[in-house]
Amino acid sequence: MVREGYLRAFIPAMHGGDGVSVLEQLAIVEEFAAVEPGGTLTLLATTLGLAPLLTVGSAEQKAACLPPFLPRTGTPLASFAFSEPGGSADFDAPAPAGGTRTKATRDGADWVITGTKQWISNAMGRRGDGPALLTVTAVAGPGDPGTSLAVFALPGRPQGLTCTPMARTVGMATHPLPQLDFAGVRVPAEGLLGGVGDGAATVRAAFGSGAGVGALAAPRTHQLLFCGESAHGPARMYPKTRATVTAWVSGRPVCPRRPGP
């Protein structure tokens, strides 16, 4: 299932997937995480990237964007361009925190997106050619992001979009989190998922849907548990306090290693 058509299990039956239960999804994710946490994040990030489309996409939008993810062969990726430098994932944070700074402005029949996203799972694709589907948040109207946020669907790698590799996460060498720069990326009007102002509710629904994001705790837990491994075997003691977790996030060692032979 990891290599061929694994996404069908996570796509609801009403959209053409297998629609397994949340409990079954969690079991699948936990088993994947025990072997390769980074690969598990790749799977879950794809379900997150599809979530806005499944939540508010029209029948026409789903018919146009979902087919690559439904066959029982192949391993397509989706990505949700959400977090930003400075604003992080707190999209509606008031100034000076930043929130969402990426803008979408209407130009004729298209939307034009300008801004920067960071720590974007699956954004590089499998060979640097980008995901099969990229969903992205942007402020598309007057007012604060909480009332003017919009979500757009971009199949493939459009012109004006640059993907820059960043430092890999600790213990997640197979799951890079690059930066995306949108320099006047044009999106047809039909790429808008829902309407302007629906973005806040769409984002909350995406992050609260099924096992897609809730199960992110599984690979992160395994990452923590195995971060102290060395050539001499697993660590004797695992991090149990907020301080050690904070140290791990900053890249400092947090787990004592076994002494050498």
# chains A, B, ... in the order shown; residues from 1 in each chain; ligands from 1
$ select_by_dssp --residues "stretch 52-217 of chain A" --states "strand (DSSP E or B)" --output "PyMOL selection string"
chain A and resi 78-81+84+88+103-107+110-118+133-139+149-155+161-164+179-188+192-193
$ write_last_selection --atoms "C-alpha atoms" --output "PDB file, in the first residue's frame"
ATOM      1  CA  ALA A  78      -0.198  16.605  -2.871  1.00  0.00           C
ATOM      2  CA  SER A  79       1.039  19.545  -0.821  1.00  0.00           C
ATOM      3  CA  PHE A  80      -0.587  22.274   1.276  1.00  0.00           C
ATOM      4  CA  ALA A  81       1.348  25.575   1.073  1.00  0.00           C
ATOM      5  CA  GLU A  84       5.037  31.272   6.152  1.00  0.00           C
ATOM      6  CA  SER A  88       4.363  30.425  10.801  1.00  0.00           C
ATOM      7  CA  LYS A 103      -1.521  37.876  -1.511  1.00  0.00           C
ATOM      8  CA  ALA A 104      -3.837  36.910  -4.342  1.00  0.00           C
ATOM      9  CA  THR A 105      -5.144  39.700  -6.590  1.00  0.00           C
ATOM     10  CA  ARG A 106      -7.624  39.401  -9.427  1.00  0.00           C
ATOM     11  CA  ASP A 107      -6.311  40.179 -12.913  1.00  0.00           C
ATOM     12  CA  ASP A 110      -7.024  34.920 -13.358  1.00  0.00           C
ATOM     13  CA  TRP A 111      -5.796  35.278  -9.812  1.00  0.00           C
ATOM     14  CA  VAL A 112      -2.157  36.329  -9.348  1.00  0.00           C
ATOM     15  CA  ILE A 113      -0.400  34.984  -6.234  1.00  0.00           C
ATOM     16  CA  THR A 114       2.651  36.684  -4.713  1.00  0.00           C
ATOM     17  CA  GLY A 115       4.398  35.728  -1.483  1.00  0.00           C
ATOM     18  CA  THR A 116       6.507  33.130   0.296  1.00  0.00           C
ATOM     19  CA  LYS A 117       5.640  29.862   2.023  1.00  0.00           C
ATOM     20  CA  GLN A 118       8.029  27.849   4.165  1.00  0.00           C
ATOM     21  CA  LEU A 133      -1.506  19.047  -6.722  1.00  0.00           C
ATOM     22  CA  LEU A 134      -0.535  22.084  -4.690  1.00  0.00           C
ATOM     23  CA  THR A 135      -3.129  23.860  -2.542  1.00  0.00           C
ATOM     24  CA  VAL A 136      -2.129  27.288  -1.250  1.00  0.00           C
ATOM     25  CA  THR A 137      -3.570  29.907   1.095  1.00  0.00           C
ATOM     26  CA  ALA A 138      -3.493  33.626   0.295  1.00  0.00           C
ATOM     27  CA  VAL A 139      -5.226  36.814   1.378  1.00  0.00           C
ATOM     28  CA  LEU A 149      -8.375  34.190   3.323  1.00  0.00           C
ATOM     29  CA  ALA A 150      -8.774  32.025   0.215  1.00  0.00           C
ATOM     30  CA  VAL A 151      -7.454  28.613  -0.837  1.00  0.00           C
ATOM     31  CA  PHE A 152      -6.368  27.861  -4.402  1.00  0.00           C
ATOM     32  CA  ALA A 153      -5.658  24.585  -6.211  1.00  0.00           C
ATOM     33  CA  LEU A 154      -2.675  24.464  -8.559  1.00  0.00           C
ATOM     34  CA  PRO A 155      -2.101  21.226 -10.500  1.00  0.00           C
ATOM     35  CA  LEU A 161       6.868  29.321  -8.608  1.00  0.00           C
ATOM     36  CA  THR A 162      10.337  28.612  -7.195  1.00  0.00           C
ATOM     37  CA  CYS A 163      11.090  25.790  -4.764  1.00  0.00           C
ATOM     38  CA  THR A 164      14.221  26.190  -2.615  1.00  0.00           C
ATOM     39  CA  GLN A 179      10.510  27.167   0.788  1.00  0.00           C
ATOM     40  CA  LEU A 180       8.144  28.237  -1.997  1.00  0.00           C
ATOM     41  CA  ASP A 181       8.331  31.676  -3.606  1.00  0.00           C
ATOM     42  CA  PHE A 182       5.307  32.814  -5.619  1.00  0.00           C
ATOM     43  CA  ALA A 183       6.377  35.533  -8.051  1.00  0.00           C
ATOM     44  CA  GLY A 184       3.194  36.460  -9.860  1.00  0.00           C
ATOM     45  CA  VAL A 185       1.898  32.905 -10.188  1.00  0.00           C
ATOM     46  CA  ARG A 186      -1.269  32.962 -12.286  1.00  0.00           C
ATOM     47  CA  VAL A 187      -4.174  30.733 -11.294  1.00  0.00           C
ATOM     48  CA  PRO A 188      -7.354  30.471 -13.415  1.00  0.00           C
ATOM     49  CA  LEU A 192     -10.309  29.107  -6.278  1.00  0.00           C
ATOM     50  CA  LEU A 193     -11.658  26.515  -3.824  1.00  0.00           C
TER      51      LEU A 193
END
$ select_by_dssp --residues "stretch 21-183 of chain A" --states "alpha helix (DSSP H)" --output "PyMOL selection string"
chain A and resi 22-35+37-56+59-65+145-148
$ residues_around --residues "stretch 8-20 of chain A" --least-positions-apart "4" --cutoff "8 Å" --atoms "only C-alpha atoms" --output "MDAnalysis selection string"
chainID A and resid 24:25 47 54 69:72
$ write_last_selection --atoms "N, CA, C and O atoms" --output "CSV table (one decimal), in the first residue's frame"
chain,number,residue,atom,x,y,z
A,24,GLU,N,-8.8,2.7,11.2
A,24,GLU,CA,-7.9,1.9,10.3
A,24,GLU,C,-6.8,2.8,9.7
A,24,GLU,O,-5.7,2.4,9.6
A,25,GLN,N,-7.2,4.1,9.5
A,25,GLN,CA,-6.1,5.0,9.0
A,25,GLN,C,-5.0,5.2,10.1
A,25,GLN,O,-3.8,5.2,9.7
A,47,THR,N,-2.5,13.7,2.2
A,47,THR,CA,-3.9,13.8,2.6
A,47,THR,C,-4.3,15.2,3.0
A,47,THR,O,-5.4,15.7,2.8
A,54,LEU,N,-11.2,18.3,-1.1
A,54,LEU,CA,-12.3,17.4,-0.7
A,54,LEU,C,-13.4,18.1,0.1
A,54,LEU,O,-14.5,17.8,0.1
A,69,PHE,N,-4.9,10.6,-8.0
A,69,PHE,CA,-4.7,10.0,-6.7
A,69,PHE,C,-5.6,8.8,-6.5
A,69,PHE,O,-5.6,8.2,-5.4
A,70,LEU,N,-6.4,8.4,-7.5
A,70,LEU,CA,-7.4,7.3,-7.3
A,70,LEU,C,-6.9,6.0,-7.8
A,70,LEU,O,-7.4,5.0,-7.3
A,71,PRO,N,-6.0,5.9,-8.8
A,71,PRO,CA,-5.6,4.6,-9.3
A,71,PRO,C,-5.0,3.7,-8.2
A,71,PRO,O,-4.5,4.2,-7.2
A,72,ARG,N,-5.0,2.4,-8.4
A,72,ARG,CA,-4.3,1.5,-7.5
A,72,ARG,C,-2.8,1.3,-7.8
A,72,ARG,O,-2.1,0.5,-7.2
$ closest_residue --among "A:Gly160, A:Pro76, A:Pro37, A:Gly57" --to "A:Leu7" --atoms "only C-alpha atoms"
A:Pro76
$ closest_residue --among "A:Leu23, A:Val29, A:Ala200, A:Ile120" --to "A:Gly49" --atoms "only C-alpha atoms"
A:Ile120
$ atom_distance --atom1 "atom CA of A:Ala51" --atom2 "atom CA of A:Ala206"
5.1 Å
$ closest_residue --among "A:Arg157, A:Glu190, A:Asn122, A:Pro145" --to "A:Gly38" --atoms "only C-alpha atoms"
A:Asn122
